[in-house]
Every structure is written in C-alpha cells, then in structure tokens.
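Data file: protein-v2.csv. Format and content: CSV, C-alpha atoms and all ligand atoms.
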```csv
chain,number,residue,atom,x,y,z
A,616,MET,CA,164.6,7.8,-104.8
A,617,GLY,CA,163.3,5.7,-101.9
A,618,VAL,CA,164.8,2.5,-100.8
A,619,MET,CA,162.9,-0.8,-101.3
A,620,PRO,CA,163.7,-4.4,-100.3
A,621,GLY,CA,165.9,-5.7,-103.0
A,622,ASP,CA,167.7,-2.4,-103.8
A,623,ALA,CA,170.8,-3.5,-102.0
A,624,ILE,CA,171.1,-6.5,-104.3
A,625,MET,CA,170.4,-4.9,-107.7
A,626,LYS,CA,172.2,-6.7,-110.5
A,627,PRO,CA,173.9,-4.0,-112.5
A,628,VAL,CA,175.3,-6.6,-115.0
A,629,PHE,CA,171.8,-7.6,-116.2
A,630,SER,CA,170.7,-4.0,-116.6
A,631,LYS,CA,173.9,-3.0,-118.4
A,632,MET,CA,173.7,-6.0,-120.8
A,633,LEU,CA,170.1,-5.2,-121.6
A,634,GLU,CA,170.6,-1.5,-122.1
A,635,GLU,CA,173.5,-2.2,-124.4
A,636,ARG,CA,171.5,-4.6,-126.5
A,637,LEU,CA,168.5,-2.3,-126.9
A,638,LYS,CA,168.4,0.1,-129.9
A,639,THR,CA,165.1,1.7,-128.6
A,640,VAL,CA,164.5,5.4,-127.9
A,641,ILE,CA,161.9,5.1,-125.2
A,642,VAL,CA,161.4,1.6,-123.8
A,643,GLY,CA,164.3,0.3,-121.7
A,644,ARG,CA,166.5,3.4,-121.9
A,645,VAL,CA,166.6,3.0,-118.1
A,646,VAL,CA,166.5,-0.5,-116.6
A,647,TYR,CA,166.3,-1.4,-113.0
A,648,HIS,CA,167.1,-5.0,-112.2
A,649,TYR,CA,166.5,-6.6,-108.7
A,650,GLU,CA,167.4,-10.0,-107.4
A,651,ASN,CA,164.0,-10.3,-105.6
A,652,VAL,CA,161.1,-7.9,-105.1
A,653,PRO,CA,157.5,-8.6,-104.0
A,654,SER,CA,156.2,-7.6,-107.4
A,655,THR,CA,157.9,-5.7,-110.3
A,656,ASN,CA,154.5,-3.9,-110.9
A,657,ASP,CA,154.6,-2.5,-107.4
A,658,VAL,CA,158.1,-1.2,-107.9
A,659,ALA,CA,157.0,0.3,-111.2
A,660,HIS,CA,154.2,2.1,-109.4
A,661,ARG,CA,156.6,3.5,-106.9
A,662,LEU,CA,159.1,4.6,-109.5
A,663,GLY,CA,156.2,6.0,-111.7
A,664,ARG,CA,155.0,8.2,-108.8
A,665,GLU,CA,158.6,9.3,-108.2
A,666,GLY,CA,158.8,10.5,-111.8
A,667,VAL,CA,160.9,7.9,-113.7
A,668,PRO,CA,161.0,8.7,-117.4
A,669,GLU,CA,158.6,7.0,-119.8
A,670,GLY,CA,159.8,3.5,-120.8
A,671,ALA,CA,161.6,2.7,-117.6
A,672,VAL,CA,161.9,-1.0,-117.2
A,673,ILE,CA,161.9,-3.0,-113.9
A,674,ILE,CA,163.0,-6.6,-114.0
A,675,ALA,CA,163.4,-9.0,-111.1
A,676,GLY,CA,165.1,-12.4,-110.8
A,677,SER,CA,162.2,-13.5,-108.7
A,678,GLN,CA,159.1,-12.2,-107.1
A,679,SER,CA,157.8,-13.1,-103.6
A,680,GLU,CA,154.3,-11.7,-104.3
A,681,GLY,CA,154.0,-11.8,-108.1
A,682,ARG,CA,150.4,-10.9,-109.1
A,683,GLY,CA,148.3,-12.1,-112.0
A,684,ARG,CA,144.9,-10.9,-113.2
A,685,GLY,CA,141.8,-11.3,-110.9
A,686,GLY,CA,143.9,-11.3,-107.7
A,687,LYS,CA,145.6,-14.6,-108.6
A,688,ALA,CA,149.3,-15.2,-107.6
A,689,TRP,CA,151.9,-15.4,-110.4
A,690,PHE,CA,154.4,-18.2,-110.0
A,691,SER,CA,157.8,-16.4,-109.9
A,692,PRO,CA,160.7,-18.8,-109.2
A,693,SER,CA,164.3,-17.5,-109.2
A,694,ASP,CA,166.3,-16.7,-112.3
A,695,VAL,CA,164.5,-18.9,-114.8
A,696,ASN,CA,161.6,-16.7,-116.1
A,697,LEU,CA,160.9,-13.1,-117.1
A,698,TYR,CA,159.2,-10.8,-114.7
A,699,CYS,CA,159.3,-7.4,-116.3
A,700,SER,CA,157.3,-4.2,-115.8
A,701,VAL,CA,157.3,-1.1,-118.0
A,702,VAL,CA,156.2,2.4,-117.1
A,703,LEU,CA,154.5,4.3,-120.0
A,704,ARG,CA,153.0,7.8,-120.0
A,705,PRO,CA,150.6,8.1,-122.9
A,706,GLU,CA,148.0,10.8,-123.2
A,707,LEU,CA,145.0,8.5,-122.9
A,708,PRO,CA,141.5,8.5,-121.4
A,709,PRO,CA,141.1,5.8,-118.7
A,710,GLN,CA,138.7,3.8,-120.9
A,711,ASP,CA,141.4,3.3,-123.5
A,712,VAL,CA,143.8,1.6,-121.0
A,713,PRO,CA,142.7,-1.9,-122.1
A,714,LEU,CA,144.2,-1.1,-125.5
A,715,LEU,CA,147.7,-1.3,-123.9
A,716,THR,CA,146.8,-4.8,-122.7
A,717,LEU,CA,146.0,-5.7,-126.3
A,718,ILE,CA,149.3,-4.2,-127.5
A,719,SER,CA,151.2,-6.2,-124.8
A,720,SER,CA,149.5,-9.4,-125.9
A,721,VAL,CA,150.4,-8.8,-129.6
A,722,VAL,CA,154.0,-8.1,-128.5
A,723,LEU,CA,154.2,-11.3,-126.6
A,724,VAL,CA,152.9,-13.4,-129.5
A,725,ASP,CA,155.4,-11.7,-131.9
A,726,THR,CA,158.3,-12.2,-129.5
A,727,LEU,CA,157.5,-15.9,-129.2
A,728,GLU,CA,157.2,-16.1,-133.0
A,729,SER,CA,160.8,-14.8,-133.3
A,730,TYR,CA,161.8,-18.0,-131.4
A,731,GLY,CA,159.8,-20.1,-133.9
A,732,VAL,CA,156.9,-20.6,-131.4
A,733,LYS,CA,153.3,-20.1,-132.5
A,734,GLY,CA,151.3,-18.6,-129.7
A,735,GLY,CA,147.7,-17.4,-129.7
A,736,ILE,CA,145.9,-14.9,-127.4
A,737,LYS,CA,143.0,-15.9,-125.2
A,738,TRP,CA,141.1,-12.8,-124.3
A,739,PRO,CA,142.2,-10.5,-122.8
A,740,ASN,CA,145.8,-11.4,-122.2
A,741,ASP,CA,146.6,-15.0,-121.8
A,742,ILE,CA,149.2,-16.3,-124.3
A,743,LEU,CA,148.7,-19.9,-125.1
A,744,VAL,CA,150.8,-22.4,-127.0
A,745,ASP,CA,148.8,-25.6,-127.9
A,746,GLY,CA,146.2,-24.7,-125.3
A,747,ARG,CA,148.7,-24.1,-122.4
A,748,LYS,CA,149.6,-20.7,-120.9
A,749,VAL,CA,153.1,-19.6,-121.4
A,750,ALA,CA,152.8,-15.8,-120.6
A,751,GLY,CA,150.4,-13.1,-119.3
A,752,VAL,CA,150.2,-9.4,-118.9
A,753,LEU,CA,149.0,-7.4,-115.9
A,754,THR,CA,148.2,-3.8,-117.0
A,755,GLU,CA,147.6,-1.3,-114.3
A,756,ALA,CA,146.9,2.5,-114.5
A,757,SER,CA,147.7,5.1,-112.0
A,758,THR,CA,145.0,7.8,-112.3
A,759,THR,CA,144.2,11.1,-110.6
A,760,GLY,CA,141.0,13.0,-111.1
A,761,GLY,CA,139.9,10.8,-114.0
A,762,ARG,CA,143.3,11.3,-115.8
A,763,VAL,CA,145.9,8.6,-116.5
A,764,ASP,CA,149.2,9.6,-114.9
A,765,PHE,CA,151.0,6.6,-116.1
A,766,LEU,CA,150.6,2.9,-116.9
A,767,VAL,CA,152.4,-0.1,-115.7
A,768,LEU,CA,152.6,-3.1,-118.1
A,769,GLY,CA,153.7,-6.2,-116.3
A,770,PHE,CA,154.9,-9.1,-118.4
A,771,GLY,CA,155.3,-12.6,-117.0
A,772,VAL,CA,156.8,-15.2,-119.3
A,773,ASN,CA,157.6,-18.8,-118.4
A,774,VAL,CA,161.0,-19.0,-120.2
A,775,ASN,CA,163.3,-21.6,-118.6
A,776,ALA,CA,161.0,-23.1,-115.9
A,777,THR,CA,161.2,-26.8,-116.5
A,778,ARG,CA,158.2,-29.2,-116.4
A,779,ALA,CA,159.4,-30.4,-113.0
A,780,LEU,CA,159.5,-26.8,-111.7
A,781,LEU,CA,156.1,-26.0,-113.1
A,782,ASP,CA,154.6,-29.2,-111.6
A,783,SER,CA,156.1,-28.5,-108.2
A,784,GLY,CA,155.2,-24.8,-108.2
A,785,LEU,CA,151.7,-24.8,-109.8
A,786,GLY,CA,150.2,-28.1,-108.5
A,787,GLY,CA,146.9,-28.8,-110.2
A,788,ASP,CA,147.3,-25.7,-112.5
A,789,ALA,CA,150.6,-27.0,-113.9
A,790,LYS,CA,148.9,-29.0,-116.7
A,791,GLY,CA,147.5,-25.8,-118.1
A,792,ALA,CA,151.0,-24.1,-118.2
A,793,THR,CA,154.0,-24.5,-120.3
A,794,SER,CA,157.4,-22.7,-120.9
A,795,LEU,CA,159.7,-22.0,-123.7
A,796,VAL,CA,162.3,-24.5,-122.5
A,797,GLU,CA,159.6,-27.2,-122.5
A,798,ILE,CA,158.4,-26.2,-126.0
A,799,LEU,CA,161.9,-25.7,-127.6
A,800,GLY,CA,163.8,-28.3,-125.7
A,801,ARG,CA,166.6,-25.7,-125.0
A,802,GLU,CA,167.2,-22.9,-122.6
A,803,VAL,CA,166.6,-19.3,-123.8
A,804,ASP,CA,168.9,-16.4,-122.9
A,805,LEU,CA,166.8,-14.1,-120.6
A,806,VAL,CA,168.6,-10.9,-121.6
A,807,GLU,CA,168.1,-11.7,-125.3
A,808,PHE,CA,164.4,-12.5,-124.7
A,809,ALA,CA,163.8,-9.3,-122.7
A,810,ALA,CA,165.5,-7.2,-125.5
A,811,SER,CA,163.4,-8.8,-128.1
A,812,LEU,CA,160.2,-8.2,-126.2
A,813,LEU,CA,161.0,-4.6,-125.3
A,814,THR,CA,162.1,-3.8,-128.9
A,815,ARG,CA,158.7,-5.0,-130.1
A,816,LEU,CA,156.9,-3.2,-127.4
A,817,GLU,CA,158.4,0.1,-128.5
A,818,GLU,CA,157.6,-0.6,-132.2
A,819,TRP,CA,153.9,-1.4,-131.4
A,820,TYR,CA,153.6,1.5,-128.9
A,821,LEU,CA,154.9,4.0,-131.4
A,822,ALA,CA,152.6,2.6,-134.1
A,823,PHE,CA,149.7,2.9,-131.8
A,824,LEU,CA,150.5,6.6,-131.0
A,825,ARG,CA,150.9,7.3,-134.7
A,826,GLU,CA,148.0,5.4,-136.2
A,827,GLY,CA,145.6,4.7,-133.4
A,828,ARG,CA,143.6,1.8,-132.1
A,829,ARG,CA,142.5,0.4,-135.5
A,830,ILE,CA,145.9,-1.2,-136.2
A,831,ILE,CA,146.0,-2.7,-132.6
A,832,VAL,CA,142.6,-4.2,-132.8
A,833,ALA,CA,143.4,-5.7,-136.2
A,834,ALA,CA,146.7,-7.1,-135.0
A,835,TRP,CA,145.1,-8.6,-131.9
A,836,ASN,CA,142.3,-10.3,-133.9
A,837,ASP,CA,145.0,-11.8,-136.2
A,838,ARG,CA,146.7,-13.4,-133.3
A,839,SER,CA,143.7,-14.3,-131.2
A,840,ILE,CA,142.3,-17.9,-130.8
A,841,MET,CA,138.9,-16.6,-129.8
A,842,ALA,CA,136.8,-15.8,-132.9
A,843,GLY,CA,134.0,-18.3,-133.5
A,844,ARG,CA,134.7,-20.2,-130.2
A,845,ARG,CA,132.0,-21.0,-127.7
A,846,VAL,CA,132.9,-19.6,-124.3
A,847,GLU,CA,131.6,-19.2,-120.8
A,848,VAL,CA,132.4,-15.8,-119.3
A,849,GLN,CA,132.3,-15.3,-115.6
A,850,GLU,CA,131.5,-11.6,-114.9
A,851,ALA,CA,130.9,-9.9,-111.6
A,852,THR,CA,127.2,-10.1,-112.4
A,853,GLY,CA,127.0,-13.7,-113.4
A,854,ALA,CA,127.9,-16.1,-116.2
A,855,VAL,CA,127.3,-15.7,-119.9
A,856,VAL,CA,127.6,-18.5,-122.5
A,857,GLY,CA,127.8,-17.7,-126.2
A,858,LYS,CA,129.9,-17.5,-129.4
A,859,VAL,CA,132.7,-15.0,-129.7
A,860,LEU,CA,132.3,-12.5,-132.5
A,861,GLY,CA,135.6,-10.7,-131.8
A,862,ILE,CA,136.7,-7.6,-129.9
A,863,ASP,CA,135.3,-4.1,-130.4
A,864,ALA,CA,137.2,-0.8,-130.8
A,865,GLU,CA,137.7,-0.5,-127.0
A,866,GLY,CA,139.1,-4.0,-126.8
A,867,HIS,CA,136.1,-5.5,-125.1
A,868,LEU,CA,135.1,-9.0,-126.0
A,869,VAL,CA,131.9,-9.3,-128.0
A,870,VAL,CA,129.9,-12.5,-127.4
A,871,GLU,CA,126.7,-13.7,-129.1
A,872,PRO,CA,124.6,-15.4,-126.3
A,873,LEU,CA,121.6,-15.9,-128.6
A,874,PRO,CA,121.5,-15.5,-132.5
A,875,GLY,CA,121.4,-11.8,-133.3
A,876,LYS,CA,122.0,-10.7,-129.7
A,877,THR,CA,125.4,-9.3,-128.6
A,878,HIS,CA,126.9,-8.9,-125.2
A,879,ARG,CA,130.1,-6.9,-124.4
A,880,VAL,CA,132.5,-8.2,-121.8
A,881,ILE,CA,134.6,-5.5,-120.1
A,882,SER,CA,136.2,-7.7,-117.6
A,883,GLY,CA,135.7,-11.3,-116.7
A,884,ASP,CA,137.2,-14.8,-116.8
A,885,VAL,CA,136.8,-16.7,-120.0
A,886,ARG,CA,136.5,-20.5,-120.4
A,887,LEU,CA,136.8,-22.0,-123.9
A,888,ILE,CA,134.0,-24.6,-124.3
A,889,SER,CA,134.7,-25.5,-127.9
A,901,LIG,C1,148.1,-12.9,-115.8
A,901,LIG,O1,148.1,-13.6,-116.8
A,901,LIG,O2,147.3,-13.2,-114.9
A,901,LIG,C2,149.1,-11.8,-115.7
A,901,LIG,C3,150.4,-12.2,-115.1
A,901,LIG,C4,151.4,-11.1,-115.0
A,901,LIG,C5,152.6,-11.4,-114.3
A,901,LIG,C6,153.6,-10.3,-114.3
A,901,LIG,S1,155.2,-10.9,-113.7
A,901,LIG,C7,155.8,-9.2,-113.8
A,901,LIG,C8,154.7,-8.3,-113.3
A,901,LIG,N1,154.7,-8.3,-111.8
A,901,LIG,C9,153.6,-8.8,-111.3
A,901,LIG,O3,153.4,-8.9,-110.0
A,901,LIG,N2,152.8,-9.3,-112.2
A,901,LIG,C10,153.3,-9.1,-113.5
```
Entire entry expressed as structure tokens:
Amino acid sequence: MGVMPGDAIMKPVFSKMLEERLKTVIVGRVVYHYENVPSTNDVAHRLGREGVPEGAVIIAGSQSEGRGRGGKAWFSPSDVNLYCSVVLRPELPPQDVPLLTLISSVVLVDTLESYGVKGGIKWPNDILVDGRKVAGVLTEASTTGGRVDFLVLGFGVNVNATRALLDSGLGGDAKGATSLVEILGREVDLVEFAASLLTRLEEWYLAFLREGRRIIVAAWNDRSIMAGRRVEVQEATGAVVGKVLGIDAEGHLVVEPLPGKTHRVISGDVRLIS
C-alpha cells in the first residue's frame, strides 16, 4: 500500500480501541487512524483503488484540507471532532448513489439521538439541532464505464469543538454551527461516538441491501425538517422558490413552485425561508 503524508504518525491505539468496541461484520473491521491528513475522503479513495475491503474506515485527528459539499472547506481542528470516511462496495447504478447520502443522514440523526440530542435533516445532508449545523456527509462515488466501483461516505461531526473554537475557526458562519459539547455541556468520547455511528451505519446499510430504497426514503422523511417548508433552491441553472413536498424514490427534493406544479432538485443549495 502506498505511503501518504500522515502514515508515519498513525495512531494504532485509536484504531484498536474502535475495532475492539465494534461488533459489526462489515463496517470498521479494518480501521486506519491518522493524526493528520489532507482529507479522509481522499485517503479513502486511494485505499479504495488499492482494494481495501468493503467497510474499511479512515479516521483522522485533523484534516488540513477537509472538504464539504459544493467545494466548501470543512473546519477540521485537531482531536476534538470526528472526521471519518467509510469505503462501501454496493452493486448500485450511479443514479442510486444519493440513496447512500440519505442513509448516512439517517445514521447521523440516530447516533445523535442515542446521546439524547434531537437532530433533523436539511436536504440533502445537513444535520441541524435547533437550526444549527452539527454534522454533514460528503458522499463520493468512484466509477468506471458507468459502473460504481466503490463509494466513499465522509462523515464530519462537531463533537467536542467548543463555542470559542467554532467562533475562531468559522468566523461569520459560526452562528449557524454547533457541537455536541455545546449542546450537552459535557465532552463526548470520540471512540464511543465513532463506534455508535459505525454500528448504525452497518445496520441501515444491511437493511437497505435487504429491503431496498423504500425503507430509506421513509426513514429519511421521518427525520427531515423539510416537509411543508418554503425554500429557495440555488441550482446550476438558477434559483427556484417553492414549498417542499418531500423527497422522491431517488432521493431528489420535490418542490412545488406554483400550486400543482412540481420541480425535482437533483443537486443544489437550499435556504429555508419559513
Ligand atoms: C458537508 O456538510 O458539507 C459535508 C461535510 C463532510 C465533512 C467530512 S469530514 C470527513 C470527510 N473528509 C472530508 O474531507 N470531508 C468529509
């Protein structure tokens, strides 16, 4: 396996503790933990191409080039938050890849709930608590000739970043962000949080493979804060304003710009108006 920046300072203790805690059969059977990498998603792509088994997990203490959706940077300070990517190898047509983003969002909400925190999903993948973002997912597919070779699910969760750290790192965006430590008023063990998230990921992934998209769409709708809200969607082709009807079987957002008229959003930035 090729050498990457960060390989020399892998933290075997974290990987071992996490592997020991996991009772999973696919997700997290192999865990790579790095002190710092540019982006765990990039490491996952490299390892995915090199043939790591399905379920391989890549975690970093910090990221120097953490990526969010839409080319945005993801604030990734050292040793306080979770930066975690998972390689999956489902037999899936490329158009179904967004379903894995939906699964990941459901997993994040359920993991928060296990800490007594009520989160909701803002389409497609922002996890909000009282209107502030606590976590997000960046799903990326590696494809050849129209086939999905593997997927990378990249989870970013503000776990122990304090208000002061969010303010200093995020500037003007800090007011729209929060963290578990801010919500709970106590620190959360990162190994325990990662184990909880990865266990739920495996449960939902296996349920999806067994039962198909229907259960995922239903679970997502249950946890979403979107239905009935008025939104403004910025798409590559322009802006659309309307009421959210829900998501369709492919995971696209369905908006009603005018009564009786529907518009499907495949990708775009959503602003909640009401
Ligand atoms: C978003 O809400 O915009 C998605 C954020 C995803 C961030 C995570 S952190 C781990 C993984 N590595 C990255 O570079 N990005 C994802």
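In this comparison, which uses all atoms listed in the file, the residue of A:Ala851, A:Val767, A:Ala842, A:Ile798 approaching ligand LIG 901 (chain A) most closely is A:Val767.
Our summary of the geometry notes that atom CA of Val846 of chain A is positioned 6.3 Å from atom CA of Lys858 of chain A.
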Give me, as JSON lines, each residue of chain A that comes within 8 Å of ligand LIG 901 (chain A), together with its shortest interatomic pair and the distance in Å at one decimal, counting only C-alpha atoms and all ligand atoms, with rows ordered by chain and rising residue number.
```
{"residue": "A:Pro653", "atom": "CA", "partner": "A:LIG901", "partner_atom": "O3", "distance": 7.3}
{"residue": "A:Ser654", "atom": "CA", "partner": "A:LIG901", "partner_atom": "O3", "distance": 4.0}
{"residue": "A:Thr655", "atom": "CA", "partner": "A:LIG901", "partner_atom": "N1", "distance": 4.4}
{"residue": "A:Asn656", "atom": "CA", "partner": "A:LIG901", "partner_atom": "N1", "distance": 4.5}
{"residue": "A:Asp657", "atom": "CA", "partner": "A:LIG901", "partner_atom": "O3", "distance": 7.0}
{"residue": "A:Ile674", "atom": "CA", "partner": "A:LIG901", "partner_atom": "C7", "distance": 7.7}
{"residue": "A:Gln678", "atom": "CA", "partner": "A:LIG901", "partner_atom": "O3", "distance": 7.2}
{"residue": "A:Glu680", "atom": "CA", "partner": "A:LIG901", "partner_atom": "O3", "distance": 6.4}
{"residue": "A:Gly681", "atom": "CA", "partner": "A:LIG901", "partner_atom": "O3", "distance": 3.5}
{"residue": "A:Arg682", "atom": "CA", "partner": "A:LIG901", "partner_atom": "O3", "distance": 3.7}
{"residue": "A:Gly683", "atom": "CA", "partner": "A:LIG901", "partner_atom": "O2", "distance": 3.3}
{"residue": "A:Arg684", "atom": "CA", "partner": "A:LIG901", "partner_atom": "O2", "distance": 3.7}
{"residue": "A:Gly685", "atom": "CA", "partner": "A:LIG901", "partner_atom": "O2", "distance": 7.1}
{"residue": "A:Lys687", "atom": "CA", "partner": "A:LIG901", "partner_atom": "O2", "distance": 6.7}
{"residue": "A:Ala688", "atom": "CA", "partner": "A:LIG901", "partner_atom": "O2", "distance": 7.8}
{"residue": "A:Trp689", "atom": "CA", "partner": "A:LIG901", "partner_atom": "C5", "distance": 5.6}
{"residue": "A:Ser691", "atom": "CA", "partner": "A:LIG901", "partner_atom": "S1", "distance": 7.2}
{"residue": "A:Leu697", "atom": "CA", "partner": "A:LIG901", "partner_atom": "S1", "distance": 7.0}
{"residue": "A:Tyr698", "atom": "CA", "partner": "A:LIG901", "partner_atom": "C7", "distance": 3.9}
{"residue": "A:Cys699", "atom": "CA", "partner": "A:LIG901", "partner_atom": "C7", "distance": 4.7}
{"residue": "A:Ser700", "atom": "CA", "partner": "A:LIG901", "partner_atom": "C8", "distance": 5.5}
{"residue": "A:Asn740", "atom": "CA", "partner": "A:LIG901", "partner_atom": "O1", "distance": 6.3}
{"residue": "A:Asp741", "atom": "CA", "partner": "A:LIG901", "partner_atom": "O1", "distance": 5.4}
{"residue": "A:Ala750", "atom": "CA", "partner": "A:LIG901", "partner_atom": "O1", "distance": 6.4}
{"residue": "A:Gly751", "atom": "CA", "partner": "A:LIG901", "partner_atom": "O1", "distance": 3.4}
{"residue": "A:Val752", "atom": "CA", "partner": "A:LIG901", "partner_atom": "C2", "distance": 4.1}
{"residue": "A:Leu753", "atom": "CA", "partner": "A:LIG901", "partner_atom": "C2", "distance": 4.4}
{"residue": "A:Leu768", "atom": "CA", "partner": "A:LIG901", "partner_atom": "C8", "distance": 7.4}
{"residue": "A:Gly769", "atom": "CA", "partner": "A:LIG901", "partner_atom": "C8", "distance": 3.8}
{"residue": "A:Phe770", "atom": "CA", "partner": "A:LIG901", "partner_atom": "C6", "distance": 4.5}
{"residue": "A:Gly771", "atom": "CA", "partner": "A:LIG901", "partner_atom": "S1", "distance": 3.7}
{"residue": "A:Val772", "atom": "CA", "partner": "A:LIG901", "partner_atom": "S1", "distance": 7.2}
```
Counting only C-alpha atoms, give me one row per residue of segment 722-839 of chain A with an atom at most 9 Å from an atom of segment 865-877 of chain A, showing the shortest contact pair and its distance in Å to one decimal, sorted by chain then residue number, as a Markdown table.
```
| residue | atom | partner | partner_atom | distance |
| --- | --- | --- | --- | --- |
| A:Trp738 | CA | A:Leu868 | CA | 7.3 |
| A:Pro739 | CA | A:Leu868 | CA | 7.9 |
| A:Arg828 | CA | A:Glu865 | CA | 8.1 |
| A:Val832 | CA | A:Gly866 | CA | 6.9 |
```
Atom CA of Glu650 of chain A and atom CA of Ala675 of chain A, how far apart in Å?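 Taking atom CA of Ala675 of chain A and atom CA of Glu650 of chain A, their separation equals 5.5 Å.
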Please report the interatomic distance between atom CA of Pro692 of chain A and atom CA of Ser719 of chain A in Å with one decimal.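 Calculated distance between atom CA of Pro692 of chain A and atom CA of Ser719 of chain A is 22.2 Å.
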